Each structure stands twice: as C-alpha cells, then as structure tokens.
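This is target.cif (mmCIF, C-alpha atoms and all ligand atoms).
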```cif
data_my_file
#
loop_
_atom_site.label_atom_id
_atom_site.label_comp_id
_atom_site.auth_asym_id
_atom_site.auth_seq_id
_atom_site.Cartn_x
_atom_site.Cartn_y
_atom_site.Cartn_z
CA MET A 263 89.45 108.87 102.51
CA THR A 264 89.82 106.59 105.50
CA ASP A 265 90.64 106.98 109.18
CA GLY A 266 94.38 107.41 109.19
CA ALA A 267 97.91 106.15 108.90
CA ASP A 268 97.09 102.47 109.45
CA ASP A 269 95.01 102.49 106.27
CA ARG A 270 97.70 103.96 104.07
CA LEU A 271 98.06 102.45 100.62
CA PRO A 272 101.51 101.40 99.34
CA THR A 273 103.53 104.29 97.94
CA ARG A 274 106.15 102.40 95.92
CA VAL A 275 105.64 99.54 93.49
CA GLN A 276 108.29 97.89 91.32
CA THR A 277 107.08 96.24 88.13
CA PRO A 278 109.33 94.25 85.76
CA ARG A 279 110.30 97.42 83.83
CA LEU A 280 108.92 100.35 85.80
CA LEU A 281 109.10 102.02 89.17
CA LEU A 282 105.84 103.49 90.43
CA ARG A 283 106.33 105.91 93.28
CA CYS A 284 104.63 108.98 94.67
CA TRP A 285 105.46 112.28 93.05
CA GLN A 286 107.78 114.41 95.22
CA HIS A 287 107.10 118.12 95.74
CA ASP A 288 110.41 119.00 94.03
CA GLU A 289 109.31 117.15 90.86
CA ALA A 290 106.71 119.72 89.80
CA SER A 291 108.78 120.75 86.78
CA ILE A 292 109.25 117.14 85.70
CA LEU A 293 105.52 116.52 85.97
CA GLY A 294 104.88 119.80 84.16
CA ASP A 295 107.17 118.97 81.24
CA LEU A 296 105.57 115.54 80.92
CA VAL A 297 102.00 116.85 80.93
CA GLU A 298 102.79 119.81 78.65
CA GLY A 299 104.44 117.48 76.14
CA ASN A 300 101.31 115.32 76.06
CA VAL A 301 98.44 117.79 76.24
CA GLU A 302 96.88 116.81 72.91
CA HIS A 303 97.37 113.10 73.65
CA LEU A 304 95.61 113.50 77.01
CA ARG A 305 92.95 116.07 76.13
CA PRO A 306 90.41 113.58 74.69
CA TRP A 307 90.21 111.48 77.85
CA MET A 308 91.62 113.17 80.94
CA PRO A 309 89.19 115.58 82.66
CA TRP A 310 91.92 117.49 84.50
CA ILE A 311 93.63 118.56 81.27
CA LYS A 312 91.21 121.50 81.11
CA PHE A 313 93.21 123.06 83.98
CA GLU A 314 96.32 123.24 81.79
CA PRO A 315 98.56 125.16 81.54
CA GLN A 316 99.47 125.22 85.23
CA THR A 317 102.24 127.14 86.94
CA VAL A 318 105.01 125.36 88.83
CA THR A 319 103.48 126.73 92.04
CA GLU A 320 100.12 125.15 91.18
CA ARG A 321 101.80 121.85 90.42
CA VAL A 322 103.71 121.91 93.71
CA ALA A 323 100.38 122.48 95.49
CA LEU A 324 98.83 119.59 93.56
CA ILE A 325 101.65 117.23 94.51
CA GLU A 326 101.35 118.36 98.13
CA THR A 327 97.62 117.59 98.02
CA TRP A 328 98.40 114.09 96.70
CA THR A 329 101.00 113.62 99.45
CA ARG A 330 98.50 114.67 102.13
CA GLN A 331 95.77 112.40 100.74
CA CYS A 332 98.18 109.49 100.75
CA GLU A 333 99.35 110.18 104.32
CA GLU A 334 95.73 110.30 105.47
CA GLY A 335 95.02 106.89 103.98
CA GLY A 336 93.37 108.11 100.78
CA ASP A 337 94.26 107.83 97.11
CA VAL A 338 97.84 107.32 95.93
CA VAL A 339 99.06 109.02 92.77
CA PHE A 340 102.25 107.47 91.40
CA GLY A 341 104.73 108.81 88.93
CA THR A 342 105.66 106.12 86.41
CA PHE A 343 109.42 105.90 85.85
CA PHE A 344 111.21 103.94 83.14
CA ASP A 345 115.01 103.92 83.46
CA GLY A 346 114.61 106.86 85.86
CA ILE A 347 112.63 108.92 83.34
CA ALA A 348 109.01 109.91 84.05
CA ILE A 349 106.77 108.46 81.33
CA GLY A 350 103.32 108.78 82.87
CA SER A 351 101.25 108.68 85.98
CA CYS A 352 98.86 106.24 87.57
CA GLY A 353 96.96 105.76 90.77
CA LEU A 354 95.09 103.65 93.23
CA HIS A 355 91.82 105.30 94.20
CA ARG A 356 89.27 104.76 96.94
CA ARG A 357 86.37 106.28 95.00
CA VAL A 358 84.52 103.00 94.30
CA GLY A 359 83.42 102.22 97.85
CA ALA A 360 84.44 99.93 100.68
CA GLY A 361 86.35 96.75 99.88
CA ALA A 362 87.47 98.00 96.46
CA LEU A 363 90.06 100.19 94.76
CA ASP A 364 90.11 101.50 91.23
CA ILE A 365 93.13 102.00 89.01
CA GLY A 366 93.79 104.97 86.74
CA TYR A 367 96.67 105.43 84.28
CA TRP A 368 98.12 107.45 81.47
CA ILE A 369 101.29 106.93 79.47
CA ALA A 370 103.22 109.51 77.45
CA ASP A 371 102.41 109.28 73.77
CA ASP A 372 105.93 108.25 72.74
CA HIS A 373 105.86 105.29 75.16
CA THR A 374 102.47 103.81 74.26
CA ARG A 375 101.89 100.36 72.72
CA ARG A 376 104.76 98.82 74.69
CA GLY A 377 102.57 97.11 77.27
CA PHE A 378 103.35 99.64 80.01
CA ALA A 379 99.74 100.37 81.04
CA THR A 380 99.09 96.63 81.18
CA GLU A 381 102.19 96.08 83.29
CA ILE A 382 101.16 98.90 85.65
CA THR A 383 97.60 97.66 86.01
CA SER A 384 98.77 94.13 86.67
CA ALA A 385 101.19 95.28 89.38
CA LEU A 386 98.66 97.65 90.96
CA THR A 387 96.02 94.93 91.00
CA THR A 388 98.39 92.64 92.90
CA THR A 389 99.26 95.56 95.19
CA ALA A 390 95.59 96.35 95.81
CA PHE A 391 94.82 92.77 96.79
CA GLY A 392 97.66 92.99 99.30
CA VAL A 393 95.79 95.77 101.13
CA ALA A 394 93.68 94.57 104.05
CA GLY A 395 89.99 94.40 103.19
CA ILE A 396 90.31 94.85 99.42
CA GLU A 397 88.33 92.19 97.57
CA ARG A 398 87.66 93.88 94.22
CA VAL A 399 89.66 96.03 91.81
CA GLU A 400 88.01 98.17 89.16
CA VAL A 401 89.11 100.00 86.04
CA HIS A 402 86.70 102.50 84.49
CA THR A 403 87.04 103.29 80.80
CA ASP A 404 84.85 105.43 78.61
CA GLU A 405 83.12 103.29 75.99
CA ALA A 406 84.78 105.31 73.22
CA ASN A 407 88.30 104.86 74.64
CA GLU A 408 89.40 101.71 72.86
CA ALA A 409 93.04 102.03 73.93
CA SER A 410 92.17 102.22 77.60
CA ALA A 411 89.68 99.34 77.43
CA GLY A 412 92.37 97.13 75.94
CA VAL A 413 94.26 97.21 79.23
CA PRO A 414 91.77 95.55 81.63
CA ALA A 415 90.55 93.32 78.79
CA LYS A 416 94.06 91.99 78.24
CA LEU A 417 94.41 91.23 81.97
CA GLY A 418 91.17 89.27 82.12
CA PHE A 419 89.07 91.84 83.97
CA HIS A 420 85.33 91.21 83.70
CA ARG A 421 83.39 93.79 81.64
CA ASP A 422 80.82 94.12 84.38
CA ARG A 423 78.46 96.90 83.32
CA VAL A 424 78.08 100.23 81.58
CA ILE A 425 76.83 103.28 83.44
CA GLU A 426 75.67 106.60 82.06
CA LYS A 427 77.87 109.44 83.21
CA GLU A 428 78.16 113.09 82.29
CA PRO A 429 81.21 113.34 79.96
CA THR A 430 84.15 115.01 81.72
CA ALA A 431 86.64 115.07 78.84
CA VAL A 432 86.12 116.07 75.22
CA ALA A 433 86.09 112.65 73.53
CA GLU A 434 84.07 110.81 76.18
CA SER A 435 80.80 109.25 75.12
CA GLY A 436 79.20 109.51 78.55
CA ARG A 437 79.05 105.74 78.86
CA SER A 438 81.53 104.43 81.38
CA VAL A 439 82.50 100.76 81.24
CA ILE A 440 83.18 99.22 84.66
CA TRP A 441 85.79 96.46 84.51
CA THR A 442 86.15 94.37 87.65
CA MET A 443 88.55 91.79 89.02
CA ALA A 444 87.65 89.74 92.10
CA GLN A 445 90.43 88.72 94.42
CA ALA A 446 89.54 85.05 94.00
CA ASP A 447 90.02 85.32 90.23
CA TRP A 448 93.42 87.05 90.35
CA CYS A 449 96.40 84.74 90.31
C1 LIG B 501 95.22 104.17 77.32
C2 LIG B 501 96.72 104.13 77.51
C3 LIG B 501 97.05 104.31 78.98
C4 LIG B 501 97.24 102.76 77.03
O1 LIG B 501 98.60 102.67 77.39
P1 LIG B 501 99.61 101.63 76.68
O2 LIG B 501 100.80 101.50 77.57
O3 LIG B 501 99.82 102.03 75.29
O4 LIG B 501 98.75 100.30 76.72
P2 LIG B 501 99.31 98.81 76.44
O5 LIG B 501 100.52 98.89 75.56
O6 LIG B 501 99.46 98.13 77.75
O7 LIG B 501 98.11 98.18 75.59
C5 LIG B 501 97.26 97.16 76.10
C6 LIG B 501 96.22 96.85 75.06
O8 LIG B 501 95.33 97.96 74.94
C7 LIG B 501 94.92 98.08 73.54
N1 LIG B 501 95.43 99.34 73.00
C8 LIG B 501 96.38 100.15 73.52
N2 LIG B 501 96.52 101.24 72.75
C9 LIG B 501 95.65 101.12 71.73
C10 LIG B 501 95.32 101.93 70.63
N3 LIG B 501 95.94 103.11 70.40
N4 LIG B 501 94.35 101.52 69.78
C11 LIG B 501 93.71 100.34 70.00
N5 LIG B 501 93.97 99.51 71.05
C12 LIG B 501 94.95 99.90 71.88
C13 LIG B 501 95.52 96.88 72.84
O9 LIG B 501 94.60 95.81 72.93
C14 LIG B 501 96.74 96.61 73.68
O10 LIG B 501 97.18 95.29 73.58
P3 LIG B 501 98.17 94.90 72.35
O11 LIG B 501 99.27 95.92 72.31
O12 LIG B 501 98.65 93.52 72.71
O13 LIG B 501 97.35 94.95 71.10
C15 LIG B 501 97.42 105.26 76.69
O14 LIG B 501 97.02 105.15 75.35
C16 LIG B 501 97.07 106.64 77.20
O15 LIG B 501 97.71 107.15 78.12
N6 LIG B 501 96.04 107.28 76.59
C17 LIG B 501 95.63 108.64 76.94
C18 LIG B 501 95.08 108.74 78.36
C19 LIG B 501 94.01 107.71 78.65
O16 LIG B 501 93.15 107.43 77.84
N7 LIG B 501 94.06 107.18 79.88
C20 LIG B 501 93.09 106.22 80.35
C21 LIG B 501 91.87 106.88 80.85
S1 LIG B 501 90.72 105.67 81.51
#
```

Please re-express this file's structure in structure tokens.
Ligand SMILES: CC(C)(COP(=O)(O)OP(=O)(O)OC[C@H]1O[C@@H](n2cnc3c(N)ncnc32)[C@H](O)[C@@H]1OP(=O)(O)O)[C@@H](O)C(=O)NCCC(=O)NCCS
Amino acid sequence: MTDGADDRLPTRVQTPRLLLRCWQHDEASILGDLVEGNVEHLRPWMPWIKFEPQTVTERVALIETWTRQCEEGGDVVFGTFFDGIAIGSCGLHRRVGAGALDIGYWIADDHTRRGFATEITSALTTTAFGVAGIERVEVHTDEANEASAGVPAKLGFHRDRVIEKEPTAVAESGRSVIWTMAQADWC
C-alpha cells in the first residue's frame, strides 16, 4: 500500500474486447455465481479458493476491502466483462516492491483459449507503465501451470528466474516462475 489518493492505480481499463473495472459492492452475487461455477477450474491454482463457499455477506465485505485498498493507493482488483457479462477477474498488485506492479488473472472455464488473458495482460501492462514510477511489470506463474505461463510468454515477457515458494494451491509445484517486462522493452 502507498501513501494515499495521489498514488491510486487506474480503476477502469478498456481492451479491444473487454472492460476491466473494479467490482462494485452490489455485484457480490455476480462474483459469487462466477466463482461457484468455476470452483474446480480454479481450485488447482488459486489459493483463495479454499475459502469457498462464501456467503453473499462475505463477498460484499471482500469487495469493500478491495474498494478500500484501491482508494488508499493499493492493489486494484478488476472484474472482467465481455459484452457486459462477467467472465473473470484480474488485478494490478503492488506486492513486488517499489517501481513495479504484478498482474494476476483468471478466466471462466467456458471462455478460455480465446486470447482473453493475453488481451488483459497486454492492456494492464500498458496501464501499469502509465503509472508514475513504474518501470517493471511482473507475472508470477507456478512452474506446473502451463496455461498461465503461456500468457506472459506470448507477450514477450522475459522468463527471469524461478523461486522456491511454499505451494498455496493444490496443483502448485512450489516453484514460481517470475516473468518480467521492462518499460523500455514494451512497445
Ligand atoms: C491461465 C488462464 C488465465 C489462461 O486464460 P486464457 O484466456 O485461456 O489464455 P489465452 O487464451 O490468452 O492463452 C494464451 C496462451 O497461453 C497458453 N495456454 C492457455 N491455456 C492453455 C492450456 N489449457 N494448455 C496449454 N497452454 C495454454 C497458450 O500458449 C495460449 O496461446 P495460444 O492459444 O495461442 O496457444 C486460464 O486458463 C485460467 O483462468 N486458469 C485457471 C486460473 C489460473 O491458473 N490463473 C492464473 C494463476 S497465475
């Protein structure tokens, strides 16, 4: 988290096919239906899936936490909307230190392999480099998550290094691949 409103990250990003915008507190049921319809798709790789099922009240609280973080200049969690329908979620995160942001994403199972995660990551990389002081964008993928690794690879991110990390989701190997893009290399 950073000092305040002046450091806020963008909250709305239009890509060629998708609208990325912050989840609203009255969209807890939409988020819930989306997650609940994709639990087995997400379980291998997403650490937070172990908290499912969640009540609507818990999801409202979660969205309110995301809203607060965003207003305080921290991470932004976007709903991913295709033709007005929520098909996933993604985010810009400040967890990789000063001068850098990292991108996270997931796409509903019935919308995968259509280039959406690539389109999101491309747009969020451009967005990140528009933020004052950001010189590097990262994507972290578990070494066993071939689908996720395909996204930064396709966009020309550099496979920088592998770090050992306690697995946080059931299919993770515990080896996290750090993909990086420098501002100077992003056109
Ligand atoms: C990983 C995930 C976000 C990919 O989303 P997507 O929109 O299908 O990705 P894209 O269509 O942009 O694919 C980009 C590239 O990734 C690779 N890829 C994507 N899905 C793949 C799969 N199931 N198997 C192998 N490679 C795959 C391919 O190289 C693909 O390029 P191609 O279609 O030209 O061959 C999606 O599968 C998902 O949500 N998985 C579960 C959650 C998750 O793992 N999130 C990421 C945690 S780091």

Checklist entry - Of the candidates A:Pro315, A:Gly395, A:Gly341, A:Pro306, which shows the shortest atom-to-atom distance to ligand LIG 501 (chain B), using all atoms listed in the file? => result A:Pro306

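Across the model, the gap from atom CA of Asn407 of chain A to atom C9 of ligand LIG 501 (chain B) is 8.7 Å.
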
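Using all atoms listed in the file, the smallest distance between any of A:Ser438, A:Thr380, A:Thr374, A:Thr327 and His287 of chain A comes from A:Thr327.
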
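Of the listed residues (A:Leu293, A:Met443, A:Ile311, A:Ala433), A:Met443 comes nearest to Thr388 of chain A; the distances count only C-alpha atoms.
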
Per residue of chain A within 7 Å of ligand LIG 501 (chain B), what are the shortest atom pair and its distance in Å to one decimal, counting all atoms listed in the file, with rows by chain and residue number, as a Markdown table?
```
| residue | atom | partner | partner_atom | distance |
| --- | --- | --- | --- | --- |
| A:His303 | CA | B:LIG501 | C17 | 5.8 |
| A:Leu304 | CA | B:LIG501 | C17 | 4.9 |
| A:Trp307 | CA | B:LIG501 | O16 | 5.0 |
| A:Met308 | CA | B:LIG501 | C18 | 6.2 |
| A:Gly366 | CA | B:LIG501 | S1 | 6.1 |
| A:Tyr367 | CA | B:LIG501 | C20 | 5.4 |
| A:Trp368 | CA | B:LIG501 | O15 | 3.4 |
| A:Ile369 | CA | B:LIG501 | O15 | 3.8 |
| A:Ala370 | CA | B:LIG501 | O15 | 6.0 |
| A:Asp371 | CA | B:LIG501 | O15 | 6.7 |
| A:His373 | CA | B:LIG501 | O2 | 6.8 |
| A:Thr374 | CA | B:LIG501 | O3 | 3.4 |
| A:Arg375 | CA | B:LIG501 | O5 | 3.5 |
| A:Arg376 | CA | B:LIG501 | O5 | 4.3 |
| A:Gly377 | CA | B:LIG501 | O5 | 3.2 |
| A:Phe378 | CA | B:LIG501 | O2 | 4.0 |
| A:Ala379 | CA | B:LIG501 | O2 | 3.8 |
| A:Thr380 | CA | B:LIG501 | O6 | 3.8 |
| A:Glu381 | CA | B:LIG501 | O6 | 6.5 |
| A:His402 | CA | B:LIG501 | S1 | 5.9 |
| A:Thr403 | CA | B:LIG501 | S1 | 4.4 |
| A:Asp404 | CA | B:LIG501 | S1 | 6.6 |
| A:Asn407 | CA | B:LIG501 | O16 | 6.4 |
| A:Glu408 | CA | B:LIG501 | C11 | 5.4 |
| A:Ala409 | CA | B:LIG501 | C12 | 3.5 |
| A:Ser410 | CA | B:LIG501 | C1 | 3.6 |
| A:Ala411 | CA | B:LIG501 | O8 | 6.3 |
| A:Gly412 | CA | B:LIG501 | O8 | 3.2 |
| A:Val413 | CA | B:LIG501 | C5 | 4.3 |
| A:Lys416 | CA | B:LIG501 | C6 | 6.2 |
```

Checklist entry - Out of A:Leu417, A:Leu271, A:Cys449, A:Ala394, which residue has the shortest atom-to-atom distance to Gly336 of chain A when counting only C-alpha atoms? => result A:Leu271

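The coordinates place atom CA of Gly346 of chain A at 26.6 Å from atom CA of Phe391 of chain A.
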
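Between atom CA of Asp345 of chain A and atom CA of Phe313 of chain A there is a distance of 29.0 Å.
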
Save segment 360-373 of chain A from what I just supplied, as a compact mmCIF listing (two decimals), in the first residue's frame, atoms limited to all heavy atoms.
```
# COMPACT_ATOMS: atom_id res chain seq x y z
N ALA A 360 8.91 -1.56 -4.90
CA ALA A 360 8.84 -0.22 -5.50
C ALA A 360 9.19 -0.29 -6.98
O ALA A 360 10.03 -1.08 -7.40
CB ALA A 360 9.79 0.71 -4.77
N GLY A 361 8.52 0.54 -7.77
CA GLY A 361 8.86 0.65 -9.19
C GLY A 361 8.29 -0.46 -10.05
O GLY A 361 8.59 -0.55 -11.24
N ALA A 362 7.48 -1.33 -9.45
CA ALA A 362 6.96 -2.48 -10.20
C ALA A 362 5.54 -2.82 -9.77
O ALA A 362 5.13 -2.52 -8.65
CB ALA A 362 7.86 -3.70 -9.99
N LEU A 363 4.80 -3.42 -10.70
CA LEU A 363 3.47 -3.96 -10.40
C LEU A 363 3.43 -5.38 -10.94
O LEU A 363 4.12 -5.70 -11.90
CB LEU A 363 2.38 -3.13 -11.08
CG LEU A 363 2.19 -1.69 -10.58
CD1 LEU A 363 1.23 -0.93 -11.50
CD2 LEU A 363 1.66 -1.68 -9.15
N ASP A 364 2.63 -6.23 -10.31
CA ASP A 364 2.43 -7.54 -10.92
C ASP A 364 0.96 -7.74 -11.26
O ASP A 364 0.07 -7.11 -10.69
CB ASP A 364 3.02 -8.67 -10.08
CG ASP A 364 2.08 -9.25 -9.07
OD1 ASP A 364 2.03 -8.73 -7.96
OD2 ASP A 364 1.38 -10.24 -9.43
N ILE A 365 0.77 -8.57 -12.27
CA ILE A 365 -0.56 -8.80 -12.85
C ILE A 365 -1.02 -10.21 -12.50
O ILE A 365 -0.27 -11.18 -12.66
CB ILE A 365 -0.52 -8.62 -14.39
CG1 ILE A 365 -0.18 -7.17 -14.75
CG2 ILE A 365 -1.84 -9.05 -15.03
CD1 ILE A 365 0.09 -6.95 -16.23
N GLY A 366 -2.27 -10.30 -12.04
CA GLY A 366 -2.89 -11.61 -11.81
C GLY A 366 -4.15 -11.70 -12.67
O GLY A 366 -4.73 -10.68 -13.05
N TYR A 367 -4.58 -12.94 -12.96
CA TYR A 367 -5.77 -13.11 -13.81
C TYR A 367 -6.35 -14.50 -13.65
O TYR A 367 -5.67 -15.46 -13.33
CB TYR A 367 -5.40 -12.90 -15.30
CG TYR A 367 -4.09 -13.54 -15.71
CD1 TYR A 367 -3.95 -14.93 -15.80
CD2 TYR A 367 -2.97 -12.77 -15.97
CE1 TYR A 367 -2.74 -15.51 -16.16
CE2 TYR A 367 -1.75 -13.34 -16.33
CZ TYR A 367 -1.65 -14.72 -16.41
OH TYR A 367 -0.45 -15.31 -16.75
N TRP A 368 -7.66 -14.58 -13.84
CA TRP A 368 -8.31 -15.86 -14.11
C TRP A 368 -9.50 -15.61 -15.01
O TRP A 368 -10.10 -14.54 -14.99
CB TRP A 368 -8.68 -16.62 -12.84
CG TRP A 368 -9.72 -16.00 -11.94
CD1 TRP A 368 -9.48 -15.19 -10.86
CD2 TRP A 368 -11.15 -16.16 -12.00
NE1 TRP A 368 -10.67 -14.84 -10.26
CE2 TRP A 368 -11.71 -15.43 -10.95
CE3 TRP A 368 -12.01 -16.87 -12.85
CZ2 TRP A 368 -13.09 -15.36 -10.72
CZ3 TRP A 368 -13.38 -16.81 -12.63
CH2 TRP A 368 -13.90 -16.06 -11.56
N ILE A 369 -9.79 -16.63 -15.82
CA ILE A 369 -10.87 -16.55 -16.82
C ILE A 369 -11.79 -17.75 -16.62
O ILE A 369 -11.30 -18.87 -16.41
CB ILE A 369 -10.27 -16.61 -18.25
CG1 ILE A 369 -9.34 -15.42 -18.53
CG2 ILE A 369 -11.36 -16.72 -19.32
CD1 ILE A 369 -10.03 -14.10 -18.72
N ALA A 370 -13.08 -17.53 -16.67
CA ALA A 370 -14.04 -18.63 -16.55
C ALA A 370 -13.73 -19.72 -17.57
O ALA A 370 -13.36 -19.42 -18.71
CB ALA A 370 -15.46 -18.10 -16.74
N ASP A 371 -13.92 -20.95 -17.12
CA ASP A 371 -13.55 -22.11 -17.94
C ASP A 371 -14.14 -22.04 -19.36
O ASP A 371 -13.47 -22.35 -20.35
CB ASP A 371 -14.03 -23.38 -17.22
CG ASP A 371 -13.28 -24.60 -17.67
OD1 ASP A 371 -12.25 -24.45 -18.36
OD2 ASP A 371 -13.71 -25.72 -17.33
N ASP A 372 -15.40 -21.62 -19.45
CA ASP A 372 -16.04 -21.65 -20.79
C ASP A 372 -15.64 -20.45 -21.66
O ASP A 372 -16.18 -20.29 -22.76
CB ASP A 372 -17.57 -21.78 -20.68
CG ASP A 372 -18.20 -20.69 -19.84
OD1 ASP A 372 -17.45 -19.87 -19.26
OD2 ASP A 372 -19.44 -20.65 -19.76
N HIS A 373 -14.70 -19.64 -21.19
CA HIS A 373 -14.19 -18.54 -22.02
C HIS A 373 -12.68 -18.62 -22.23
O HIS A 373 -12.07 -17.66 -22.72
CB HIS A 373 -14.55 -17.19 -21.40
CG HIS A 373 -16.00 -16.84 -21.54
ND1 HIS A 373 -16.96 -17.27 -20.66
CD2 HIS A 373 -16.65 -16.14 -22.50
CE1 HIS A 373 -18.15 -16.82 -21.06
NE2 HIS A 373 -17.98 -16.14 -22.17
```
